[in-house]
$ cat work_20.pdb   # PDB, C-alpha atoms and all ligand atoms
MODEL        1
ATOM      1  CA  MET A   1     -79.432  58.306 235.538
ATOM      2  CA  ARG A   2     -80.584  57.317 232.109
ATOM      3  CA  ALA A   3     -81.774  53.776 231.490
ATOM      4  CA  ARG A   4     -79.241  52.116 229.215
ATOM      5  CA  GLU A   5     -81.783  51.212 226.530
ATOM      6  CA  LEU A   6     -82.515  54.905 225.911
ATOM      7  CA  GLY A   7     -79.168  55.434 224.197
ATOM      8  CA  ARG A   8     -76.424  57.914 224.831
ATOM      9  CA  LYS A   9     -77.755  61.098 223.249
ATOM     10  CA  SER A  10     -81.440  60.525 223.802
ATOM     11  CA  VAL A  11     -82.262  62.996 226.566
ATOM     12  CA  VAL A  12     -81.922  66.727 225.964
ATOM     13  CA  VAL A  13     -82.774  69.814 227.970
ATOM     14  CA  GLY A  14     -86.516  70.414 227.897
ATOM     15  CA  ASP A  15     -87.444  66.772 227.628
ATOM     16  CA  ARG A  16     -90.276  65.486 229.786
ATOM     17  CA  VAL A  17     -89.391  62.134 231.213
ATOM     18  CA  TRP A  18     -90.685  59.281 233.345
ATOM     19  CA  LEU A  19     -88.628  58.513 236.444
ATOM     20  CA  VAL A  20     -88.339  55.390 238.549
ATOM     21  CA  GLY A  21     -86.602  55.353 241.925
ATOM     22  CA  ASP A  22     -86.164  57.998 244.581
ATOM     23  CA  VAL A  23     -87.859  61.120 243.219
ATOM     24  CA  THR A  24     -87.665  63.167 246.421
ATOM     25  CA  GLY A  25     -84.904  65.310 244.961
ATOM     26  CA  ALA A  26     -83.048  65.077 248.266
ATOM     27  CA  PRO A  27     -79.239  65.127 248.192
ATOM     28  CA  GLY A  28     -77.978  61.697 247.120
ATOM     29  CA  ALA A  29     -81.369  60.591 245.780
ATOM     30  CA  LEU A  30     -81.070  58.428 242.696
ATOM     31  CA  ALA A  31     -83.730  57.949 240.024
ATOM     32  CA  ARG A  32     -83.635  56.461 236.573
ATOM     33  CA  ILE A  33     -85.073  58.015 233.411
ATOM     34  CA  VAL A  34     -87.032  55.196 231.823
ATOM     35  CA  ARG A  35     -89.011  56.953 229.133
ATOM     36  CA  ILE A  36     -89.002  60.215 227.201
ATOM     37  CA  ALA A  37     -92.311  61.832 226.304
ATOM     38  CA  GLU A  38     -93.053  62.625 222.700
ATOM     39  CA  ARG A  39     -91.665  66.088 221.986
ATOM     40  CA  THR A  40     -93.937  68.977 221.013
ATOM     41  CA  SER A  41     -91.016  70.740 219.309
ATOM     42  CA  VAL A  42     -87.354  70.152 218.596
ATOM     43  CA  LEU A  43     -84.967  73.034 217.954
ATOM     44  CA  ARG A  44     -81.993  71.828 215.922
ATOM     45  CA  ARG A  45     -78.898  73.358 214.485
ATOM     46  CA  THR A  46     -76.016  71.992 212.467
ATOM     47  CA  ALA A  47     -72.355  72.951 212.633
ATOM     48  CA  ASP A  48     -72.392  73.964 208.967
ATOM     49  CA  ASP A  49     -74.990  74.691 206.265
ATOM     50  CA  ASP A  50     -73.760  72.280 203.666
ATOM     51  CA  GLU A  51     -75.331  68.831 203.919
ATOM     52  CA  SER A  52     -72.509  67.295 201.891
ATOM     53  CA  THR A  53     -69.883  68.011 204.577
ATOM     54  CA  ALA A  54     -69.340  66.171 207.869
ATOM     55  CA  GLU A  55     -70.071  69.401 209.778
ATOM     56  CA  GLY A  56     -73.314  69.840 207.843
ATOM     57  CA  ARG A  57     -74.463  66.400 208.915
ATOM     58  CA  LEU A  58     -73.493  66.971 212.521
ATOM     59  CA  GLU A  59     -76.870  67.868 213.928
ATOM     60  CA  ARG A  60     -77.412  69.074 217.465
ATOM     61  CA  VAL A  61     -80.680  69.303 219.312
ATOM     62  CA  VAL A  62     -80.559  72.592 221.187
ATOM     63  CA  VAL A  63     -83.702  72.037 223.230
ATOM     64  CA  ALA A  64     -86.905  69.996 223.223
ATOM     65  CA  ASN A  65     -90.445  71.216 223.894
ATOM     66  CA  ALA A  66     -89.660  74.930 223.686
ATOM     67  CA  ASP A  67     -92.528  77.079 222.496
ATOM     68  CA  GLN A  68     -90.635  80.346 222.222
ATOM     69  CA  LEU A  69     -87.225  81.083 220.715
ATOM     70  CA  VAL A  70     -85.755  84.197 222.271
ATOM     71  CA  ILE A  71     -83.135  85.443 219.829
ATOM     72  CA  VAL A  72     -80.735  87.452 221.971
ATOM     73  CA  SER A  73     -78.666  90.042 220.140
ATOM     74  CA  ALA A  74     -76.592  92.806 221.690
ATOM     75  CA  LEU A  75     -76.957  96.223 220.054
ATOM     76  CA  ALA A  76     -73.211  96.666 220.530
ATOM     77  CA  ASP A  77     -70.282  94.754 221.938
ATOM     78  CA  PRO A  78     -70.631  92.340 220.159
ATOM     79  CA  PRO A  79     -72.440  94.138 217.293
ATOM     80  CA  PRO A  80     -75.754  92.750 216.017
ATOM     81  CA  ARG A  81     -75.673  90.430 213.016
ATOM     82  CA  THR A  82     -78.940  90.363 211.126
ATOM     83  CA  GLY A  83     -77.780  87.334 209.128
ATOM     84  CA  PHE A  84     -77.550  85.400 212.378
ATOM     85  CA  ILE A  85     -80.989  86.607 213.469
ATOM     86  CA  ASP A  86     -82.393  85.591 210.060
ATOM     87  CA  ARG A  87     -80.979  82.092 210.550
ATOM     88  CA  CYS A  88     -82.564  81.814 213.986
ATOM     89  CA  LEU A  89     -85.890  82.886 212.485
ATOM     90  CA  VAL A  90     -85.653  80.131 209.874
ATOM     91  CA  ALA A  91     -84.901  77.583 212.597
ATOM     92  CA  ALA A  92     -87.799  78.857 214.723
ATOM     93  CA  TYR A  93     -90.394  78.712 211.953
ATOM     94  CA  ASP A  94     -89.060  75.332 210.829
ATOM     95  CA  ALA A  95     -89.458  73.928 214.344
ATOM     96  CA  GLY A  96     -92.846  75.565 214.916
ATOM     97  CA  ILE A  97     -91.489  77.742 217.726
ATOM     98  CA  GLU A  98     -92.532  81.383 218.064
ATOM     99  CA  PRO A  99     -89.671  83.865 217.766
ATOM    100  CA  LEU A 100     -89.051  86.840 220.038
ATOM    101  CA  LEU A 101     -86.218  89.270 219.425
ATOM    102  CA  CYS A 102     -84.432  90.366 222.576
ATOM    103  CA  LEU A 103     -82.073  93.306 222.019
ATOM    104  CA  THR A 104     -79.633  93.699 224.906
ATOM    105  CA  LYS A 105     -77.107  96.447 225.745
ATOM    106  CA  ALA A 106     -79.590  99.136 224.706
ATOM    107  CA  ASP A 107     -77.514 101.431 226.933
ATOM    108  CA  LEU A 108     -74.664 101.186 224.395
ATOM    109  CA  ALA A 109     -76.469 101.692 221.043
ATOM    110  CA  GLY A 110     -79.906 102.406 219.596
ATOM    111  CA  PRO A 111     -82.160  99.678 218.169
ATOM    112  CA  GLU A 112     -83.231 101.620 215.017
ATOM    113  CA  ALA A 113     -81.081  99.781 212.459
ATOM    114  CA  VAL A 114     -82.044  96.302 213.632
ATOM    115  CA  VAL A 115     -85.714  97.098 214.231
ATOM    116  CA  GLY A 116     -85.924  98.858 210.850
ATOM    117  CA  TYR A 117     -84.618  95.769 209.102
ATOM    118  CA  TYR A 118     -87.543  93.720 210.462
ATOM    119  CA  THR A 119     -90.314  96.281 209.885
ATOM    120  CA  GLU A 120     -92.254  94.096 207.421
ATOM    121  CA  LEU A 121     -92.084  91.086 209.697
ATOM    122  CA  GLU A 122     -94.041  92.212 212.768
ATOM    123  CA  LEU A 123     -91.445  90.419 214.819
ATOM    124  CA  PRO A 124     -92.060  91.122 218.519
ATOM    125  CA  TYR A 125     -89.049  92.584 220.289
ATOM    126  CA  VAL A 126     -87.959  93.789 223.714
ATOM    127  CA  LEU A 127     -85.120  96.135 224.664
ATOM    128  CA  ILE A 128     -82.887  95.334 227.625
ATOM    129  CA  ARG A 129     -80.444  97.601 229.437
ATOM    130  CA  PRO A 130     -78.919  97.282 232.899
ATOM    131  CA  GLY A 131     -81.565  98.027 235.510
ATOM    132  CA  SER A 132     -84.381  98.250 232.938
ATOM    133  CA  ASP A 133     -87.850  97.121 233.884
ATOM    134  CA  LEU A 134     -88.370  93.533 232.755
ATOM    135  CA  ALA A 135     -92.181  93.533 233.076
ATOM    136  CA  ASP A 136     -92.769  93.316 229.284
ATOM    137  CA  LEU A 137     -90.370  90.448 228.907
ATOM    138  CA  ARG A 138     -91.765  88.647 231.948
ATOM    139  CA  ALA A 139     -95.254  88.890 230.468
ATOM    140  CA  LEU A 140     -94.018  87.348 227.207
ATOM    141  CA  LEU A 141     -92.256  84.527 229.056
ATOM    142  CA  ALA A 142     -95.036  83.696 231.509
ATOM    143  CA  GLY A 143     -96.467  80.212 231.235
ATOM    144  CA  ARG A 144     -94.181  79.189 228.353
ATOM    145  CA  VAL A 145     -90.951  77.329 227.745
ATOM    146  CA  SER A 146     -88.519  79.819 226.205
ATOM    147  CA  VAL A 147     -85.007  79.175 224.989
ATOM    148  CA  LEU A 148     -82.372  81.896 224.691
ATOM    149  CA  VAL A 149     -79.996  81.672 221.743
ATOM    150  CA  GLY A 150     -77.304  84.092 220.663
ATOM    151  CA  HIS A 151     -73.612  84.728 220.201
ATOM    152  CA  SER A 152     -71.293  84.518 223.156
ATOM    153  CA  GLY A 153     -71.218  87.698 225.242
ATOM    154  CA  VAL A 154     -74.597  89.130 224.245
ATOM    155  CA  GLY A 155     -75.893  88.850 227.812
ATOM    156  CA  LYS A 156     -78.024  85.708 227.939
ATOM    157  CA  SER A 157     -76.816  84.587 231.361
ATOM    158  CA  THR A 158     -76.917  88.159 232.688
ATOM    159  CA  LEU A 159     -80.584  88.263 231.698
ATOM    160  CA  VAL A 160     -81.327  84.853 233.210
ATOM    161  CA  ASN A 161     -79.797  85.992 236.500
ATOM    162  CA  ARG A 162     -82.089  89.009 236.516
ATOM    163  CA  LEU A 163     -85.159  86.907 235.711
ATOM    164  CA  VAL A 164     -84.294  84.094 238.117
ATOM    165  CA  PRO A 165     -82.126  85.550 240.870
ATOM    166  CA  ALA A 166     -81.423  82.114 242.351
ATOM    167  CA  ALA A 167     -79.940  80.990 239.028
ATOM    168  CA  GLU A 168     -76.413  82.255 239.724
ATOM    169  CA  ARG A 169     -75.327  81.675 236.138
ATOM    170  CA  ALA A 170     -71.706  82.569 235.493
ATOM    171  CA  VAL A 171     -71.260  85.739 233.461
ATOM    172  CA  GLY A 172     -68.213  86.526 231.326
ATOM    173  CA  THR A 173     -66.619  89.650 229.926
ATOM    174  CA  VAL A 174     -66.405  90.636 226.280
ATOM    175  CA  SER A 175     -62.930  91.001 224.803
ATOM    176  CA  ALA A 176     -61.575  94.210 223.293
ATOM    177  CA  ILE A 177     -62.473  92.976 219.800
ATOM    178  CA  GLY A 178     -66.082  92.387 220.851
ATOM    179  CA  ARG A 179     -66.085  88.638 221.236
ATOM    180  CA  GLY A 180     -67.567  86.756 224.162
ATOM    181  CA  ARG A 181     -65.571  84.160 226.031
ATOM    182  CA  HIS A 182     -67.993  81.253 225.819
ATOM    183  CA  THR A 183     -68.665  81.408 229.526
ATOM    184  CA  SER A 184     -71.721  79.120 229.535
ATOM    185  CA  THR A 185     -70.846  75.618 228.391
ATOM    186  CA  SER A 186     -74.123  73.747 228.715
ATOM    187  CA  ALA A 187     -77.825  74.442 228.392
ATOM    188  CA  VAL A 188     -79.785  74.737 231.621
ATOM    189  CA  ALA A 189     -83.539  75.065 232.123
ATOM    190  CA  LEU A 190     -84.664  77.260 235.006
ATOM    191  CA  ARG A 191     -88.133  77.756 236.389
ATOM    192  CA  LEU A 192     -89.350  81.353 236.222
ATOM    193  CA  PRO A 193     -91.100  82.818 239.231
ATOM    194  CA  PRO A 194     -94.881  82.761 238.578
ATOM    195  CA  GLY A 195     -96.455  85.993 237.387
ATOM    196  CA  PRO A 196     -99.850  87.473 238.335
ATOM    197  CA  ASP A 197    -101.719  86.223 235.231
ATOM    198  CA  ALA A 198     -99.931  83.076 234.145
ATOM    199  CA  GLY A 199     -98.341  79.926 235.410
ATOM    200  CA  PRO A 200     -94.615  79.741 235.946
ATOM    201  CA  GLY A 201     -92.677  79.449 232.734
ATOM    202  CA  TRP A 202     -89.294  77.970 232.036
ATOM    203  CA  ILE A 203     -86.266  79.686 230.582
ATOM    204  CA  VAL A 204     -83.399  77.798 229.002
ATOM    205  CA  ASP A 205     -79.970  79.451 229.004
ATOM    206  CA  THR A 206     -77.682  78.042 226.308
ATOM    207  CA  PRO A 207     -73.995  78.410 225.461
ATOM    208  CA  GLY A 208     -73.182  81.121 222.925
ATOM    209  CA  VAL A 209     -72.946  79.873 219.346
ATOM    210  CA  ARG A 210     -70.749  81.222 216.587
ATOM    211  CA  SER A 211     -73.200  80.361 213.842
ATOM    212  CA  PHE A 212     -76.543  78.680 213.432
ATOM    213  CA  GLY A 213     -76.169  76.074 210.668
ATOM    214  CA  LEU A 214     -79.290  75.151 208.727
ATOM    215  CA  ALA A 215     -78.265  72.064 206.748
ATOM    216  CA  HIS A 216     -81.256  70.206 208.224
ATOM    217  CA  VAL A 217     -83.778  72.721 206.821
ATOM    218  CA  SER A 218     -85.049  72.036 203.298
ATOM    219  CA  ALA A 219     -84.654  74.748 200.669
ATOM    220  CA  GLU A 220     -88.424  75.135 200.690
ATOM    221  CA  SER A 221     -88.654  75.539 204.456
ATOM    222  CA  LEU A 222     -85.894  78.129 204.320
ATOM    223  CA  LEU A 223     -88.375  80.513 202.747
ATOM    224  CA  HIS A 224     -90.726  80.156 205.728
ATOM    225  CA  GLY A 225     -88.180  82.056 207.774
ATOM    226  CA  PHE A 226     -88.925  84.982 205.458
ATOM    227  CA  PRO A 227     -92.710  85.531 205.779
ATOM    228  CA  ASP A 228     -92.173  88.992 204.271
ATOM    229  CA  LEU A 229     -91.090  87.312 201.004
ATOM    230  CA  VAL A 230     -93.304  84.212 200.874
ATOM    231  CA  GLU A 231     -96.330  85.910 199.320
ATOM    232  CA  ALA A 232     -94.317  87.019 196.280
ATOM    233  CA  THR A 233     -93.481  83.470 195.222
ATOM    234  CA  VAL A 234     -97.013  82.721 193.984
ATOM    235  CA  ASP A 235     -95.934  84.625 190.872
ATOM    236  CA  CYS A 236     -92.774  82.569 190.396
ATOM    237  CA  PRO A 237     -92.550  79.913 187.668
ATOM    238  CA  ALA A 238     -93.090  76.324 188.870
ATOM    239  CA  ASN A 239     -90.095  74.985 190.832
ATOM    240  CA  CYS A 240     -88.376  78.368 190.808
ATOM    241  CA  PRO A 241     -85.189  78.039 192.876
ATOM    242  CA  HIS A 242     -85.396  81.786 193.773
ATOM    243  CA  GLY A 243     -81.664  82.285 193.214
ATOM    244  CA  ALA A 244     -80.161  85.639 192.246
ATOM    245  CA  ASP A 245     -79.676  84.585 188.610
ATOM    246  CA  GLU A 246     -83.260  83.379 188.018
ATOM    247  CA  ALA A 247     -84.579  85.818 185.430
ATOM    248  CA  ASP A 248     -88.249  85.042 186.163
ATOM    249  CA  CYS A 249     -88.074  84.887 189.939
ATOM    250  CA  ALA A 250     -90.869  87.113 191.264
ATOM    251  CA  LEU A 251     -88.928  88.083 194.374
ATOM    252  CA  ASP A 252     -86.965  90.786 192.551
ATOM    253  CA  ALA A 253     -90.115  92.586 191.375
ATOM    254  CA  TRP A 254     -91.598  92.272 194.888
ATOM    255  CA  VAL A 255     -88.621  94.070 196.392
ATOM    256  CA  THR A 256     -88.481  96.657 193.588
ATOM    257  CA  ALA A 257     -92.155  97.414 194.299
ATOM    258  CA  GLY A 258     -91.145  98.203 197.884
ATOM    259  CA  LYS A 259     -93.035  95.299 199.442
ATOM    260  CA  ALA A 260     -90.008  93.906 201.260
ATOM    261  CA  ASP A 261     -86.576  95.097 202.241
ATOM    262  CA  PRO A 262     -83.960  94.299 199.557
ATOM    263  CA  ARG A 263     -81.529  93.351 202.345
ATOM    264  CA  ARG A 264     -83.901  90.603 203.443
ATOM    265  CA  LEU A 265     -83.990  89.165 199.924
ATOM    266  CA  ALA A 266     -80.197  89.339 199.748
ATOM    267  CA  SER A 267     -79.998  87.588 203.111
ATOM    268  CA  TYR A 268     -82.373  84.848 201.939
ATOM    269  CA  ARG A 269     -80.293  84.302 198.810
ATOM    270  CA  ARG A 270     -77.084  84.199 200.830
ATOM    271  CA  LEU A 271     -78.645  81.408 202.895
ATOM    272  CA  LEU A 272     -79.653  79.549 199.735
ATOM    273  CA  ALA A 273     -76.105  79.834 198.393
ATOM    274  CA  SER A 274     -74.581  78.829 201.699
ATOM    275  CA  ARG A 275     -76.574  75.607 201.731
ATOM    276  CA  LEU A 276     -74.995  74.744 198.408
ATOM    277  CA  GLY A 277     -71.541  75.344 199.843
ATOM    278  CA  GLU A 278     -71.180  78.673 198.024
ATOM    279  CA  GLY A 279     -71.518  80.988 200.999
ATOM    280  CA  ASP A 280     -68.911  82.908 202.937
ATOM    281  CA  VAL A 281     -67.993  80.242 205.445
ATOM    282  CA  ARG A 282     -65.849  82.580 207.508
ATOM    283  CA  GLU A 283     -68.651  84.925 208.616
ATOM    284  CA  PRO A 284     -71.813  83.224 207.415
ATOM    285  CA  GLU A 285     -74.181  85.263 209.550
ATOM    286  CA  ARG A 286     -72.949  88.742 208.675
ATOM    287  CA  ASN A 287     -75.080  90.844 206.318
ATOM    288  CA  PRO A 288     -73.881  93.959 204.474
ATOM    289  CA  GLY A 289     -75.479  96.896 206.275
ATOM    290  CA  ASP A 290     -74.846  95.439 209.726
ATOM    291  CA  PRO A 291     -72.664  97.616 211.936
ATOM    292  CA  LEU A 292     -69.043  96.695 211.164
ATOM    293  CA  ALA A 293     -70.259  94.530 208.282
ATOM    294  CA  GLY A 294     -67.365  95.451 206.079
ATOM    295  CA  SER A 295     -64.670  95.103 208.702
TER     296      SER A 295
HETATM  297  N1  LIG A 301     -73.565  97.494 228.865
HETATM  298  C1  LIG A 301     -74.224  96.337 229.014
HETATM  299  N2  LIG A 301     -73.531  95.206 229.285
HETATM  300  C2  LIG A 301     -74.221  94.055 229.415
HETATM  301  C3  LIG A 301     -75.634  93.987 229.296
HETATM  302  N3  LIG A 301     -76.030  92.693 229.443
HETATM  303  C4  LIG A 301     -74.893  91.974 229.655
HETATM  304  N4  LIG A 301     -73.791  92.789 229.652
HETATM  305  C5  LIG A 301     -72.374  92.358 229.833
HETATM  306  O1  LIG A 301     -71.989  91.490 228.759
HETATM  307  C6  LIG A 301     -71.012  90.557 229.203
HETATM  308  C7  LIG A 301     -71.388  89.144 228.783
HETATM  309  O2  LIG A 301     -72.564  88.731 229.451
HETATM  310  P1  LIG A 301     -73.016  87.191 229.615
HETATM  311  O3  LIG A 301     -74.333  87.219 230.321
HETATM  312  O4  LIG A 301     -71.941  86.355 230.192
HETATM  313  O5  LIG A 301     -73.224  86.774 228.079
HETATM  314  P2  LIG A 301     -73.720  85.330 227.513
HETATM  315  O6  LIG A 301     -74.602  85.653 226.358
HETATM  316  O7  LIG A 301     -74.293  84.495 228.596
HETATM  317  O8  LIG A 301     -72.351  84.704 226.964
HETATM  318  P3  LIG A 301     -71.957  83.139 226.781
HETATM  319  O9  LIG A 301     -72.317  82.395 228.030
HETATM  320  O10 LIG A 301     -70.481  83.176 226.533
HETATM  321  O11 LIG A 301     -72.720  82.675 225.587
HETATM  322  C8  LIG A 301     -70.903  90.746 230.727
HETATM  323  O12 LIG A 301     -69.739  91.530 230.983
HETATM  324  C9  LIG A 301     -72.169  91.516 231.072
HETATM  325  O13 LIG A 301     -72.006  92.322 232.215
HETATM  326  C10 LIG A 301     -76.343  95.225 229.018
HETATM  327  O14 LIG A 301     -77.577  95.283 228.885
HETATM  328  N5  LIG A 301     -75.583  96.356 228.897
HETATM  329 MG    MG A 302     -73.835  82.622 229.271
ENDMDL
END

$ encode --input "work_20.pdb" --output "structure tokens" --more "lines below"
Ligand SMILES: Nc1nc2c(ncn2[C@@H]2O[C@H](COP(=O)(O)OP(=O)(O)OP(=O)(O)O)[C@@H](O)[C@H]2O)c(=O)[nH]1
Ligand SMILES: [Mg+2]
Amino acid sequence: MRARELGRKSVVVGDRVWLVGDVTGAPGALARIVRIAERTSVLRRTADDDESTAEGRLERVVVANADQLVIVSALADPPPRTGFIDRCLVAAYDAGIEPLLCLTKADLAGPEAVVGYYTELELPYVLIRPGSDLADLRALLAGRVSVLVGHSGVGKSTLVNRLVPAAERAVGTVSAIGRGRHTSTSAVALRLPPGPDAGPGWIVDTPGVRSFGLAHVSAESLLHGFPDLVEATVDCPANCPHGADEADCALDAWVTAGKADPRRLASYRRLLASRLGEGDVREPERNPGDPLAGS
């Protein structure tokens, strides 16, 4: 139970709290949450990118105190969306949480296109297929609090069940048009079995999201999700908005010189536009070049 003075939405998954009452954990035991510890990190998302809309102001805390954001993307069924991954990266850097790319369904498609897109970023990634060895992933999760985010049907709960066999998370099927069925409906933190070199970590399974709105991230912080572009902006004029029609924006020359992938710059500018309500609201996280991008 939550003490009334804490307010209705005050406690989120990942919070560390003080309890008063019966803390045995036995069936029927009742304790009260009386205090919430200061959070080391807060991962947020909004329903929309545009701060001027009601959806844009509707902010959700996904998880507190996570130190790793595991961006889960299937390589097929549903197809990967680099625009969505880019958004998650912005949210991770903004919250001070380290990103890890987790590419599932490697039995269905190769990782080359997605991995190639992030070459300049040195973004750590792991490949997952049914029955694959999870030792690399376990090592990256050990001793940390990691949160899985991704579209519905990418295999987050499947992965959690493999990592924590006692978890028994429900798993759904993917429809013929490659959409998940939103099987998981709430976030749950599970304790990982301890590894040989590190303390037991925690993994947080979350419900699949359609998009990852960034209305709460300032235009300036948006750029921090693009470390491959940041360096170029020292050559920009003061207060350069970095938009596509800025004649003196140094980002164009940076990309022309081959120092970053032009698709990353385009993705960054799509995010900028989307925050101003100019983006494609229908499929905000789809980038040209993604599999099925034009469909
Ligand atoms: N071929 C293949 N299928 C997989 C893999 N991982 C998961 N699946 C399948 O993908 C479907 C969706 O898996 P879930 O674990 O429910 O996906 P989720 O990300 O938890 O979805 P939500 O809870 O809706 O957000 C299930 O039918 C899984 O069996 C994989 O590596 N390869
Ligand atoms: Mg799930």

$ closest_atom_pairs --input "work_20.pdb" --of "chain A" --to "ligand LIG 301 (chain A)" --cutoff "9 Å" --atoms "all atoms listed in the file" --output "Markdown table"
| residue | atom | partner | partner_atom | distance |
| --- | --- | --- | --- | --- |
| A:Val72 | CA | A:LIG301 | O6 | 7.8 |
| A:Ser73 | CA | A:LIG301 | O6 | 8.6 |
| A:Ala74 | CA | A:LIG301 | O14 | 7.7 |
| A:Leu75 | CA | A:LIG301 | O14 | 8.9 |
| A:Ala76 | CA | A:LIG301 | N1 | 8.4 |
| A:Asp77 | CA | A:LIG301 | O1 | 7.8 |
| A:Pro78 | CA | A:LIG301 | O1 | 8.7 |
| A:Leu103 | CA | A:LIG301 | O14 | 8.4 |
| A:Thr104 | CA | A:LIG301 | O14 | 4.8 |
| A:Lys105 | CA | A:LIG301 | O14 | 3.4 |
| A:Ala106 | CA | A:LIG301 | O14 | 6.0 |
| A:Asp107 | CA | A:LIG301 | N5 | 5.8 |
| A:Leu108 | CA | A:LIG301 | N1 | 5.9 |
| A:Leu127 | CA | A:LIG301 | O14 | 8.7 |
| A:Ile128 | CA | A:LIG301 | O14 | 5.5 |
| A:Arg129 | CA | A:LIG301 | O14 | 3.7 |
| A:Pro130 | CA | A:LIG301 | O14 | 4.7 |
| A:Gly131 | CA | A:LIG301 | O14 | 8.2 |
| A:Ser132 | CA | A:LIG301 | O14 | 8.5 |
| A:Leu148 | CA | A:LIG301 | O6 | 8.8 |
| A:Val149 | CA | A:LIG301 | O6 | 8.1 |
| A:Gly150 | CA | A:LIG301 | O6 | 6.5 |
| A:His151 | CA | A:LIG301 | O11 | 5.8 |
| A:Ser152 | CA | A:LIG301 | O11 | 3.4 |
| A:Gly153 | CA | A:LIG301 | O5 | 3.6 |
| A:Val154 | CA | A:LIG301 | O6 | 4.1 |
| A:Gly155 | CA | A:LIG301 | O3 | 3.4 |
| A:Lys156 | CA | A:LIG301 | O6 | 3.8 |
| A:Ser157 | CA | A:LIG301 | O7 | 3.7 |
| A:Thr158 | CA | A:LIG301 | O3 | 3.6 |
| A:Leu159 | CA | A:LIG301 | O3 | 6.5 |
| A:Val160 | CA | A:LIG301 | O3 | 7.9 |
| A:Asn161 | CA | A:LIG301 | O3 | 8.3 |
| A:Arg169 | CA | A:LIG301 | O3 | 8.1 |
| A:Ala170 | CA | A:LIG301 | O4 | 6.5 |
| A:Val171 | CA | A:LIG301 | O4 | 3.4 |
| A:Gly172 | CA | A:LIG301 | O4 | 3.9 |
| A:Thr173 | CA | A:LIG301 | O12 | 3.8 |
| A:Val174 | CA | A:LIG301 | C6 | 5.5 |
| A:Arg179 | CA | A:LIG301 | O10 | 8.8 |
| A:Gly180 | CA | A:LIG301 | O10 | 5.2 |
| A:Arg181 | CA | A:LIG301 | O10 | 5.0 |
| A:His182 | CA | A:LIG301 | O10 | 3.2 |
| A:Thr183 | CA | A:LIG301 | O10 | 3.9 |
| A:Ser184 | CA | A:LIG301 | O9 | 3.7 |
| A:Thr185 | CA | A:LIG301 | O9 | 6.9 |
| A:Ser186 | CA | A:LIG301 | O9 | 8.9 |
| A:Asp205 | CA | A:LIG301 | O7 | 7.6 |
| A:Thr206 | CA | A:LIG301 | O11 | 6.8 |
| A:Pro207 | CA | A:LIG301 | O11 | 4.5 |
| A:Gly208 | CA | A:LIG301 | O11 | 3.1 |
| A:Val209 | CA | A:LIG301 | O11 | 6.8 |

$ closest_atom_pairs --input "work_20.pdb" --of "segment 116-148 of chain A" --to "segment 264-275 of chain A" --cutoff "12 Å" --atoms "only C-alpha atoms" --output "CSV"
residue,atom,partner,partner_atom,distance
A:Gly116,CA,A:Arg264,CA,11.3
A:Tyr117,CA,A:Arg264,CA,7.7
A:Tyr118,CA,A:Arg264,CA,8.5
A:Thr119,CA,A:Arg264,CA,10.7
A:Glu120,CA,A:Arg264,CA,9.9
A:Leu121,CA,A:Arg264,CA,10.3

$ resolve_selection --input "work_20.pdb" --expression "the PyMOL selection byres (((chain A and resi 85-93) around 10) and not hetatm)" --output "PyMOL selection string"
chain A and resi 41-45+66-73+80-84+94-101+114+118+123+149-150+211-214+216-217+221-227+264+267-268+271+284-287

$ write_last_selection --input "work_20.pdb" --atoms "C-alpha atoms" --output "short mmCIF file (atom, residue, chain, number, x, y, z; two decimals), in the coordinates of the input"
data_model
loop_
_atom_site.label_atom_id
_atom_site.label_comp_id
_atom_site.auth_asym_id
_atom_site.auth_seq_id
_atom_site.Cartn_x
_atom_site.Cartn_y
_atom_site.Cartn_z
CA SER A 41 -91.02 70.74 219.31
CA VAL A 42 -87.35 70.15 218.60
CA LEU A 43 -84.97 73.03 217.95
CA ARG A 44 -81.99 71.83 215.92
CA ARG A 45 -78.90 73.36 214.48
CA ALA A 66 -89.66 74.93 223.69
CA ASP A 67 -92.53 77.08 222.50
CA GLN A 68 -90.64 80.35 222.22
CA LEU A 69 -87.22 81.08 220.72
CA VAL A 70 -85.76 84.20 222.27
CA ILE A 71 -83.14 85.44 219.83
CA VAL A 72 -80.74 87.45 221.97
CA SER A 73 -78.67 90.04 220.14
CA PRO A 80 -75.75 92.75 216.02
CA ARG A 81 -75.67 90.43 213.02
CA THR A 82 -78.94 90.36 211.13
CA GLY A 83 -77.78 87.33 209.13
CA PHE A 84 -77.55 85.40 212.38
CA ASP A 94 -89.06 75.33 210.83
CA ALA A 95 -89.46 73.93 214.34
CA GLY A 96 -92.85 75.56 214.92
CA ILE A 97 -91.49 77.74 217.73
CA GLU A 98 -92.53 81.38 218.06
CA PRO A 99 -89.67 83.86 217.77
CA LEU A 100 -89.05 86.84 220.04
CA LEU A 101 -86.22 89.27 219.42
CA VAL A 114 -82.04 96.30 213.63
CA TYR A 118 -87.54 93.72 210.46
CA LEU A 123 -91.44 90.42 214.82
CA VAL A 149 -80.00 81.67 221.74
CA GLY A 150 -77.30 84.09 220.66
CA SER A 211 -73.20 80.36 213.84
CA PHE A 212 -76.54 78.68 213.43
CA GLY A 213 -76.17 76.07 210.67
CA LEU A 214 -79.29 75.15 208.73
CA HIS A 216 -81.26 70.21 208.22
CA VAL A 217 -83.78 72.72 206.82
CA SER A 221 -88.65 75.54 204.46
CA LEU A 222 -85.89 78.13 204.32
CA LEU A 223 -88.38 80.51 202.75
CA HIS A 224 -90.73 80.16 205.73
CA GLY A 225 -88.18 82.06 207.77
CA PHE A 226 -88.92 84.98 205.46
CA PRO A 227 -92.71 85.53 205.78
CA ARG A 264 -83.90 90.60 203.44
CA SER A 267 -80.00 87.59 203.11
CA TYR A 268 -82.37 84.85 201.94
CA LEU A 271 -78.64 81.41 202.90
CA PRO A 284 -71.81 83.22 207.42
CA GLU A 285 -74.18 85.26 209.55
CA ARG A 286 -72.95 88.74 208.68
CA ASN A 287 -75.08 90.84 206.32
#
